[in-house]
$ cat model.csv   # CSV, N, CA and C atoms
chain,number,residue,atom,x,y,z
A,200,MET,N,-177.9,4.9,192.8
A,200,MET,CA,-179.0,4.0,192.4
A,200,MET,C,-178.7,2.7,193.0
A,201,GLY,N,-179.7,2.0,193.6
A,201,GLY,CA,-179.5,0.7,194.2
A,201,GLY,C,-179.5,-0.4,193.1
A,202,SER,N,-178.9,-1.5,193.4
A,202,SER,CA,-178.9,-2.6,192.5
A,202,SER,C,-180.2,-3.4,192.6
A,203,VAL,N,-180.6,-4.0,191.5
A,203,VAL,CA,-181.8,-4.7,191.4
A,203,VAL,C,-181.5,-6.2,191.8
A,204,LYS,N,-182.2,-6.7,192.7
A,204,LYS,CA,-182.0,-8.1,193.2
A,204,LYS,C,-182.8,-9.0,192.2
A,205,SER,N,-182.1,-10.1,191.8
A,205,SER,CA,-182.8,-11.1,191.0
A,205,SER,C,-184.0,-11.7,191.7
A,206,ARG,N,-185.0,-11.9,191.0
A,206,ARG,CA,-186.2,-12.5,191.6
A,206,ARG,C,-186.1,-14.0,191.9
A,207,PHE,N,-186.5,-14.4,193.0
A,207,PHE,CA,-186.4,-15.8,193.4
A,207,PHE,C,-187.5,-16.6,192.6
A,208,LYS,N,-187.1,-17.8,192.1
A,208,LYS,CA,-188.1,-18.6,191.3
A,208,LYS,C,-188.7,-19.6,192.4
A,209,VAL,N,-190.1,-19.5,192.4
A,209,VAL,CA,-190.8,-20.4,193.3
A,209,VAL,C,-190.5,-21.9,193.0
A,210,MET,N,-190.4,-22.2,191.7
A,210,MET,CA,-190.2,-23.5,191.2
A,210,MET,C,-189.1,-23.5,190.1
A,211,THR,N,-188.4,-24.6,190.0
A,211,THR,CA,-187.4,-24.8,188.9
A,211,THR,C,-187.7,-26.1,188.1
A,212,LEU,N,-187.1,-26.2,187.0
A,212,LEU,CA,-187.3,-27.4,186.2
A,212,LEU,C,-185.9,-28.0,185.9
A,213,THR,N,-185.8,-29.3,185.8
A,213,THR,CA,-184.6,-29.9,185.4
A,213,THR,C,-184.6,-29.8,183.9
A,214,ASP,N,-183.4,-30.1,183.3
A,214,ASP,CA,-183.3,-30.1,181.9
A,214,ASP,C,-184.3,-31.0,181.2
A,215,ALA,N,-184.4,-32.2,181.8
A,215,ALA,CA,-185.3,-33.2,181.2
A,215,ALA,C,-186.8,-32.7,181.2
A,216,ALA,N,-187.2,-32.1,182.3
A,216,ALA,CA,-188.6,-31.6,182.4
A,216,ALA,C,-188.8,-30.4,181.4
A,217,ALA,N,-187.8,-29.5,181.3
A,217,ALA,CA,-188.0,-28.4,180.3
A,217,ALA,C,-188.0,-28.9,178.9
A,218,GLU,N,-187.2,-29.9,178.6
A,218,GLU,CA,-187.2,-30.5,177.3
A,218,GLU,C,-188.5,-31.1,176.9
A,219,ARG,N,-189.1,-31.9,177.9
A,219,ARG,CA,-190.3,-32.6,177.7
A,219,ARG,C,-191.5,-31.6,177.5
A,220,VAL,N,-191.5,-30.5,178.3
A,220,VAL,CA,-192.6,-29.5,178.2
A,220,VAL,C,-192.5,-28.9,176.8
A,221,ARG,N,-191.3,-28.5,176.4
A,221,ARG,CA,-191.1,-27.9,175.1
A,221,ARG,C,-191.6,-28.8,174.0
A,222,GLU,N,-191.3,-30.1,174.1
A,222,GLU,CA,-191.7,-31.1,173.1
A,222,GLU,C,-193.2,-31.2,173.0
A,223,ILE,N,-193.9,-31.2,174.1
A,223,ILE,CA,-195.4,-31.3,174.2
A,223,ILE,C,-196.0,-30.0,173.7
A,224,MET,N,-195.4,-28.8,174.1
A,224,MET,CA,-195.9,-27.6,173.6
A,224,MET,C,-195.8,-27.4,172.1
A,225,ALA,N,-194.8,-28.0,171.5
A,225,ALA,CA,-194.6,-27.9,170.0
A,225,ALA,C,-195.7,-28.6,169.3
A,226,GLN,N,-196.3,-29.6,170.0
A,226,GLN,CA,-197.4,-30.4,169.3
A,226,GLN,C,-198.8,-29.9,169.7
A,227,ALA,N,-198.9,-28.8,170.4
A,227,ALA,CA,-200.2,-28.3,170.8
A,227,ALA,C,-200.9,-27.8,169.6
A,228,GLU,N,-202.2,-28.0,169.5
A,228,GLU,CA,-203.0,-27.6,168.4
A,228,GLU,C,-203.4,-26.1,168.4
A,229,THR,N,-203.4,-25.5,169.6
A,229,THR,CA,-203.6,-24.1,169.8
A,229,THR,C,-202.4,-23.5,170.5
A,230,PRO,N,-202.1,-22.2,170.3
A,230,PRO,CA,-201.0,-21.6,171.0
A,230,PRO,C,-201.3,-21.6,172.5
A,231,VAL,N,-200.2,-21.8,173.3
A,231,VAL,CA,-200.4,-21.8,174.8
A,231,VAL,C,-199.3,-20.8,175.3
A,232,ALA,N,-199.7,-20.2,176.4
A,232,ALA,CA,-198.8,-19.2,177.1
A,232,ALA,C,-197.8,-19.9,178.0
A,233,GLY,N,-198.2,-21.1,178.5
A,233,GLY,CA,-197.3,-21.9,179.3
A,233,GLY,C,-198.0,-23.0,180.0
A,234,LEU,N,-197.3,-23.6,180.9
A,234,LEU,CA,-197.8,-24.7,181.7
A,234,LEU,C,-198.3,-24.2,183.1
A,235,ARG,N,-199.6,-24.4,183.4
A,235,ARG,CA,-200.1,-24.0,184.7
A,235,ARG,C,-199.9,-25.1,185.7
A,236,VAL,N,-199.3,-24.8,186.8
A,236,VAL,CA,-199.0,-25.8,187.9
A,236,VAL,C,-199.7,-25.4,189.1
A,237,GLY,N,-200.3,-26.3,189.8
A,237,GLY,CA,-201.0,-26.0,191.1
A,237,GLY,C,-201.1,-27.2,191.9
A,238,VAL,N,-201.9,-27.1,193.0
A,238,VAL,CA,-202.2,-28.2,193.9
A,238,VAL,C,-203.7,-28.2,194.1
A,239,LYS,N,-204.2,-29.4,194.4
A,239,LYS,CA,-205.6,-29.4,194.8
A,239,LYS,C,-205.8,-30.5,195.9
A,240,ASN,N,-206.9,-30.3,196.6
A,240,ASN,CA,-207.2,-31.3,197.7
A,240,ASN,C,-207.7,-32.5,197.0
A,241,GLY,N,-207.3,-33.7,197.6
A,241,GLY,CA,-207.7,-35.0,197.1
A,241,GLY,C,-206.7,-36.0,197.2
A,242,GLY,N,-207.1,-37.2,197.0
A,242,GLY,CA,-206.2,-38.4,197.1
A,242,GLY,C,-206.0,-38.8,198.5
A,243,CYS,N,-205.4,-40.0,198.7
A,243,CYS,CA,-205.3,-40.6,200.1
A,243,CYS,C,-204.4,-39.8,201.0
A,244,ALA,N,-203.4,-39.1,200.4
A,244,ALA,CA,-202.5,-38.3,201.3
A,244,ALA,C,-202.9,-36.9,201.5
A,245,GLY,N,-203.9,-36.4,200.8
A,245,GLY,CA,-204.5,-35.1,201.1
A,245,GLY,C,-204.4,-34.1,199.9
A,246,MET,N,-203.4,-34.1,199.1
A,246,MET,CA,-203.2,-33.1,198.0
A,246,MET,C,-202.6,-33.8,196.8
A,247,SER,N,-202.8,-33.2,195.7
A,247,SER,CA,-202.2,-33.7,194.5
A,247,SER,C,-201.8,-32.5,193.6
A,248,TYR,N,-200.7,-32.7,192.8
A,248,TYR,CA,-200.3,-31.7,191.9
A,248,TYR,C,-201.2,-31.6,190.7
A,249,THR,N,-201.4,-30.4,190.1
A,249,THR,CA,-202.2,-30.3,188.9
A,249,THR,C,-201.3,-29.6,187.8
A,250,MET,N,-201.5,-30.0,186.6
A,250,MET,CA,-200.8,-29.4,185.5
A,250,MET,C,-201.8,-29.3,184.3
A,251,GLU,N,-201.8,-28.2,183.7
A,251,GLU,CA,-202.7,-28.0,182.5
A,251,GLU,C,-202.1,-26.9,181.6
A,252,TRP,N,-202.4,-26.9,180.3
A,252,TRP,CA,-201.9,-25.8,179.5
A,252,TRP,C,-202.7,-24.6,179.8
A,253,ALA,N,-202.1,-23.4,179.7
A,253,ALA,CA,-202.7,-22.2,180.0
A,253,ALA,C,-202.7,-21.3,178.7
A,254,GLN,N,-203.8,-20.8,178.3
A,254,GLN,CA,-203.9,-20.0,177.1
A,254,GLN,C,-203.4,-18.6,177.4
A,255,LYS,N,-203.5,-18.2,178.7
A,255,LYS,CA,-202.9,-16.8,179.1
A,255,LYS,C,-202.7,-16.9,180.6
A,256,ALA,N,-201.9,-15.9,181.0
A,256,ALA,CA,-201.6,-15.8,182.5
A,256,ALA,C,-202.8,-15.1,183.1
A,257,GLU,N,-203.2,-15.6,184.3
A,257,GLU,CA,-204.3,-15.1,185.0
A,257,GLU,C,-203.8,-14.1,186.0
A,258,PRO,N,-204.6,-13.1,186.4
A,258,PRO,CA,-204.2,-12.2,187.4
A,258,PRO,C,-203.6,-12.9,188.7
A,259,PHE,N,-202.5,-12.4,189.2
A,259,PHE,CA,-201.9,-13.0,190.4
A,259,PHE,C,-201.1,-14.3,190.2
A,260,ASP,N,-201.1,-14.8,189.0
A,260,ASP,CA,-200.3,-16.0,188.7
A,260,ASP,C,-198.8,-15.6,189.0
A,261,GLU,N,-198.1,-16.6,189.5
A,261,GLU,CA,-196.6,-16.4,189.7
A,261,GLU,C,-196.0,-16.9,188.4
A,262,ILE,N,-195.3,-16.1,187.6
A,262,ILE,CA,-194.8,-16.5,186.3
A,262,ILE,C,-193.3,-16.9,186.5
A,263,VAL,N,-193.0,-18.1,186.2
A,263,VAL,CA,-191.6,-18.6,186.3
A,263,VAL,C,-191.1,-18.9,184.9
A,264,GLU,N,-190.0,-18.3,184.5
A,264,GLU,CA,-189.3,-18.6,183.3
A,264,GLU,C,-188.1,-19.4,183.6
A,265,ASP,N,-188.0,-20.7,183.1
A,265,ASP,CA,-186.8,-21.5,183.4
A,265,ASP,C,-186.5,-22.4,182.2
A,266,LYS,N,-185.3,-22.3,181.8
A,266,LYS,CA,-184.8,-23.1,180.7
A,266,LYS,C,-185.7,-23.0,179.4
A,267,GLY,N,-186.1,-21.8,179.2
A,267,GLY,CA,-187.0,-21.6,178.0
A,267,GLY,C,-188.4,-22.0,178.1
A,268,VAL,N,-188.9,-22.3,179.3
A,268,VAL,CA,-190.2,-22.8,179.5
A,268,VAL,C,-190.9,-21.8,180.5
A,269,THR,N,-192.2,-21.5,180.2
A,269,THR,CA,-193.0,-20.6,181.0
A,269,THR,C,-193.9,-21.4,181.9
A,270,VAL,N,-193.8,-21.3,183.2
A,270,VAL,CA,-194.6,-22.0,184.1
A,270,VAL,C,-195.4,-21.0,184.9
A,271,LEU,N,-196.8,-21.1,184.9
A,271,LEU,CA,-197.7,-20.2,185.6
A,271,LEU,C,-198.2,-21.0,186.8
A,272,ILE,N,-197.9,-20.4,188.0
A,272,ILE,CA,-198.2,-21.1,189.2
A,272,ILE,C,-199.4,-20.4,189.8
A,273,ASP,N,-200.4,-21.2,190.1
A,273,ASP,CA,-201.7,-20.7,190.7
A,273,ASP,C,-201.3,-20.0,192.0
A,274,PRO,N,-201.8,-18.8,192.3
A,274,PRO,CA,-201.4,-18.1,193.5
A,274,PRO,C,-201.7,-18.8,194.8
A,275,LYS,N,-202.7,-19.7,194.8
A,275,LYS,CA,-203.0,-20.4,196.0
A,275,LYS,C,-202.0,-21.5,196.2
A,276,ALA,N,-201.2,-21.9,195.2
A,276,ALA,CA,-200.3,-23.0,195.4
A,276,ALA,C,-198.8,-22.5,195.7
A,277,VAL,N,-198.6,-21.2,195.6
A,277,VAL,CA,-197.2,-20.7,195.8
A,277,VAL,C,-196.5,-21.2,197.1
A,278,LEU,N,-197.2,-21.0,198.2
A,278,LEU,CA,-196.6,-21.4,199.5
A,278,LEU,C,-196.4,-23.0,199.6
A,279,PHE,N,-197.2,-23.7,198.8
A,279,PHE,CA,-197.0,-25.2,198.8
A,279,PHE,C,-195.9,-25.6,197.9
A,280,LEU,N,-195.6,-24.8,196.9
A,280,LEU,CA,-194.6,-25.2,195.9
A,280,LEU,C,-193.2,-24.5,196.1
A,281,LEU,N,-193.1,-23.6,197.0
A,281,LEU,CA,-191.8,-22.9,197.2
A,281,LEU,C,-190.6,-23.8,197.3
A,282,GLY,N,-189.7,-23.7,196.4
A,282,GLY,CA,-188.5,-24.5,196.5
A,282,GLY,C,-188.6,-25.8,195.7
A,283,THR,N,-189.7,-26.1,195.0
A,283,THR,CA,-189.9,-27.3,194.3
A,283,THR,C,-189.2,-27.4,193.0
A,284,GLN,N,-188.7,-28.6,192.7
A,284,GLN,CA,-188.1,-28.8,191.4
A,284,GLN,C,-188.9,-29.8,190.6
A,285,MET,N,-189.3,-29.5,189.4
A,285,MET,CA,-190.1,-30.4,188.6
A,285,MET,C,-189.1,-31.2,187.7
A,286,ASP,N,-189.3,-32.5,187.6
A,286,ASP,CA,-188.4,-33.3,186.8
A,286,ASP,C,-189.2,-34.2,185.9
A,287,PHE,N,-188.6,-34.8,184.9
A,287,PHE,CA,-189.3,-35.8,184.0
A,287,PHE,C,-188.4,-37.0,184.0
A,288,GLU,N,-189.0,-38.1,184.4
A,288,GLU,CA,-188.2,-39.4,184.5
A,288,GLU,C,-188.9,-40.4,183.6
A,289,THR,N,-188.1,-41.3,183.0
A,289,THR,CA,-188.5,-42.4,182.2
A,289,THR,C,-187.9,-43.7,182.8
A,290,SER,N,-188.7,-44.7,183.0
A,290,SER,CA,-188.3,-46.0,183.5
A,290,SER,C,-188.7,-47.0,182.5
A,291,LYS,N,-188.5,-48.3,182.8
A,291,LYS,CA,-188.9,-49.3,181.9
A,291,LYS,C,-190.4,-49.4,181.7
A,292,LEU,N,-191.1,-49.1,182.8
A,292,LEU,CA,-192.6,-49.2,182.8
A,292,LEU,C,-193.4,-48.0,182.7
A,293,SER,N,-192.8,-46.8,182.9
A,293,SER,CA,-193.5,-45.6,182.9
A,293,SER,C,-192.6,-44.4,182.7
A,294,SER,N,-193.3,-43.3,182.4
A,294,SER,CA,-192.6,-42.0,182.3
A,294,SER,C,-193.6,-40.9,182.8
A,295,GLY,N,-193.0,-39.9,183.3
A,295,GLY,CA,-193.9,-38.8,183.8
A,295,GLY,C,-193.1,-37.7,184.5
A,296,PHE,N,-193.9,-36.7,184.8
A,296,PHE,CA,-193.3,-35.6,185.6
A,296,PHE,C,-193.4,-35.9,187.1
A,297,ILE,N,-192.4,-35.6,187.8
A,297,ILE,CA,-192.3,-35.8,189.2
A,297,ILE,C,-191.9,-34.4,189.9
A,298,PHE,N,-192.4,-34.2,191.1
A,298,PHE,CA,-192.1,-33.0,191.8
A,298,PHE,C,-191.2,-33.4,193.0
A,299,LYS,N,-190.1,-32.7,193.2
A,299,LYS,CA,-189.2,-32.8,194.3
A,299,LYS,C,-189.5,-31.6,195.2
A,300,ASN,N,-190.4,-31.8,196.2
A,300,ASN,CA,-190.9,-30.6,196.9
A,300,ASN,C,-190.4,-30.7,198.4
A,301,PRO,N,-189.6,-29.7,198.8
A,301,PRO,CA,-189.2,-29.8,200.2
A,301,PRO,C,-190.3,-29.6,201.3
A,302,ASN,N,-191.5,-29.2,200.8
A,302,ASN,CA,-192.6,-29.0,201.7
A,302,ASN,C,-193.5,-30.2,201.9
A,303,GLU,N,-193.1,-31.3,201.1
A,303,GLU,CA,-193.9,-32.5,201.3
A,303,GLU,C,-193.5,-33.2,202.6
A,304,THR,N,-194.6,-33.6,203.3
A,304,THR,CA,-194.3,-34.3,204.6
A,304,THR,C,-194.6,-35.8,204.5
A,305,SER,N,-195.3,-36.2,203.5
A,305,SER,CA,-195.5,-37.7,203.2
A,305,SER,C,-196.2,-37.8,201.9
A,306,ALA,N,-196.2,-39.0,201.4
A,306,ALA,CA,-196.8,-39.4,200.1
A,306,ALA,C,-197.5,-40.7,200.2
A,307,CYS,N,-198.5,-40.9,199.4
A,307,CYS,CA,-199.2,-42.2,199.4
A,307,CYS,C,-198.4,-43.2,198.6
A,308,GLY,N,-198.7,-44.4,198.8
A,308,GLY,CA,-198.0,-45.5,198.2
A,308,GLY,C,-198.1,-45.6,196.7
A,309,CYS,N,-199.2,-45.1,196.1
A,309,CYS,CA,-199.4,-45.2,194.7
A,309,CYS,C,-198.7,-44.0,194.0
A,310,GLY,N,-198.3,-43.0,194.7
A,310,GLY,CA,-197.6,-41.9,194.1
A,310,GLY,C,-198.5,-40.8,193.5
A,311,GLU,N,-199.8,-40.9,193.7
A,311,GLU,CA,-200.7,-40.0,193.1
A,311,GLU,C,-201.0,-38.8,194.0
A,312,SER,N,-200.8,-38.9,195.3
A,312,SER,CA,-201.1,-37.7,196.2
A,312,SER,C,-200.0,-37.6,197.3
A,313,VAL,N,-199.9,-36.4,197.8
A,313,VAL,CA,-198.9,-36.0,198.8
A,313,VAL,C,-199.5,-35.2,199.9
A,314,ALA,N,-198.9,-35.2,201.0
A,314,ALA,CA,-199.2,-34.2,202.1
A,314,ALA,C,-198.2,-33.1,202.0
A,315,ILE,N,-198.6,-31.9,202.0
A,315,ILE,CA,-197.8,-30.7,201.8
A,315,ILE,C,-198.1,-29.7,202.9
A,316,GLU,N,-197.1,-29.2,203.5
A,316,GLU,CA,-197.3,-28.1,204.5
A,316,GLU,C,-196.8,-26.8,203.7
A,317,PRO,N,-197.6,-25.7,203.9
A,317,PRO,CA,-197.1,-24.4,203.3
A,317,PRO,C,-195.8,-24.0,203.9
A,318,ALA,N,-195.0,-23.4,203.1
A,318,ALA,CA,-193.7,-22.9,203.6
A,318,ALA,C,-193.9,-21.9,204.7
A,319,LYS,N,-193.0,-22.0,205.7
A,319,LYS,CA,-193.0,-21.1,206.9
A,319,LYS,C,-192.3,-19.8,206.5
A,320,PRO,N,-192.6,-18.7,207.3
A,320,PRO,CA,-192.0,-17.4,207.0
A,320,PRO,C,-190.5,-17.5,207.0
A,321,GLU,N,-189.9,-18.3,207.9
A,321,GLU,CA,-188.4,-18.4,207.9
A,321,GLU,C,-187.9,-19.1,206.7
A,322,ASP,N,-188.7,-20.1,206.1
A,322,ASP,CA,-188.3,-20.8,204.9
A,322,ASP,C,-188.3,-19.8,203.7
A,323,MET,N,-189.3,-18.9,203.7
A,323,MET,CA,-189.5,-17.9,202.7
A,323,MET,C,-188.3,-16.9,202.7
A,324,GLU,N,-188.0,-16.5,203.9
A,324,GLU,CA,-186.9,-15.5,204.1
A,324,GLU,C,-185.6,-16.1,203.6
A,325,ARG,N,-185.3,-17.4,204.0
A,325,ARG,CA,-184.1,-18.1,203.5
A,325,ARG,C,-184.1,-18.2,202.0
A,326,ALA,N,-185.2,-18.6,201.4
A,326,ALA,CA,-185.3,-18.8,200.0
A,326,ALA,C,-185.1,-17.5,199.2
A,327,LEU,N,-185.5,-16.4,199.8
A,327,LEU,CA,-185.4,-15.1,199.2
A,327,LEU,C,-184.0,-14.4,199.5
A,328,GLY,N,-183.2,-15.1,200.3
A,328,GLY,CA,-181.9,-14.6,200.6
A,328,GLY,C,-181.9,-13.5,201.7
A,329,GLN,N,-182.9,-13.4,202.5
A,329,GLN,CA,-183.0,-12.4,203.5
A,329,GLN,C,-182.7,-13.0,204.8
A,330,SER,N,-182.2,-12.2,205.8
A,330,SER,CA,-181.9,-12.7,207.1
A,330,SER,C,-183.2,-12.9,207.9
A,331,ALA,N,-183.1,-13.9,208.8
A,331,ALA,CA,-184.3,-14.2,209.6
A,331,ALA,C,-184.5,-13.3,210.7
$ encode --input "model.csv" --output "structure tokens"
Amino acid sequence: MGSVKSRFKVMTLTDAAAERVREIMAQAETPVAGLRVGVKNGGCAGMSYTMEWAQKAEPFDEIVEDKGVTVLIDPKAVLFLLGTQMDFETSKLSSGFIFKNPNETSACGCGESVAIEPAKPEDMERALGQSA
């Protein structure tokens, strides 16, 4: 019998991001299945990240379990988010979630939108631990 390979996570969370998501979920008025993350066209750099509570997983969602948090990734966003780390940062003037995405090619000055290239096949093979 062959060994089962662990599944690659499209996206990971820092401890701070996971803690903040858990805090917010605990205050939700209705039960949620997880945090849905995606990307959409818009903003001065071309794309922006989206986040919303999900009542249930949709067909073809990529389900990521990390540090006790369930993240549901829109299937259209998987190639744009491959290798991304979601963090939560607090400064003197603001706090919020930030995405450290190796697929970003640029970002606007206001920080609201980014330019993202989909992951290339060789990036996917490397991320999945396969030879090119």
$ residues_around --input "model.csv" --residues "region 281-289 of chain A" --least-positions-apart "3" --cutoff "8 Å" --atoms "all atoms listed in the file" --output "JSON, numbers by chain"
{"A": [208, 209, 210, 211, 212, 213, 214, 215, 216, 217, 219, 276, 277, 278, 292, 293, 294, 295, 296, 297, 298, 299, 300, 301, 302, 317, 318, 322, 323, 326]}
$ residues_around --input "model.csv" --residues "Gln254 (chain A)" --least-positions-apart "3" --cutoff "9 Å" --atoms "only C-alpha atoms" --output "ChimeraX atom specification"
/A:229-234
$ atom_distance --input "model.csv" --atom1 "CA of Ile272 (chain A)" --atom2 "atom C of Phe259 (chain A)"
7.5 Å
$ select_by_dssp --input "model.csv" --residues "region 244-321 of chain A" --states "alpha helix (DSSP H)" --output "number ranges by chain"
A: 277-280, 320-321
$ atom_distance --input "model.csv" --atom1 "CA of Val263 (chain A)" --atom2 "atom C of Val236 (chain A)"
10.9 Å
$ atom_distance --input "model.csv" --atom1 "atom N of Ser247 (chain A)" --atom2 "atom C of Leu280 (chain A)"
13.0 Å
$ closest_residue --input "model.csv" --among "A:Thr269, A:Ser290, A:Lys255, A:Lys275" --to "Gly237 (chain A)" --atoms "only C-alpha atoms"
A:Lys275
$ residues_around --input "model.csv" --residues "Glu228 (chain A)" --least-positions-apart "4" --cutoff "12 Å" --atoms "only C-alpha atoms" --output "MDAnalysis selection string"
chainID A and resid 223:224 252 254
$ decode --input "model.csv" --residues "region 218-233 of chain A" --atoms "C-alpha atoms" --output "CSV table (one decimal), in the first residue's frame"
chain,number,residue,atom,x,y,z
A,218,GLU,CA,-6.5,34.3,16.4
A,219,ARG,CA,-8.3,37.4,15.0
A,220,VAL,CA,-10.6,35.2,12.7
A,221,ARG,CA,-11.5,33.0,15.7
A,222,GLU,CA,-12.3,36.1,17.8
A,223,ILE,CA,-14.6,37.5,15.1
A,224,MET,CA,-16.3,34.2,14.4
A,225,ALA,CA,-17.0,33.8,18.2
A,226,GLN,CA,-19.0,37.1,17.9
A,227,ALA,CA,-21.0,36.1,14.8
A,228,GLU,CA,-24.8,36.2,15.3
A,229,THR,CA,-25.3,33.2,13.1
A,230,PRO,CA,-23.2,30.1,12.7
A,231,VAL,CA,-20.6,30.2,10.0
A,232,ALA,CA,-18.7,27.5,8.2
A,233,GLY,CA,-15.6,29.6,7.7
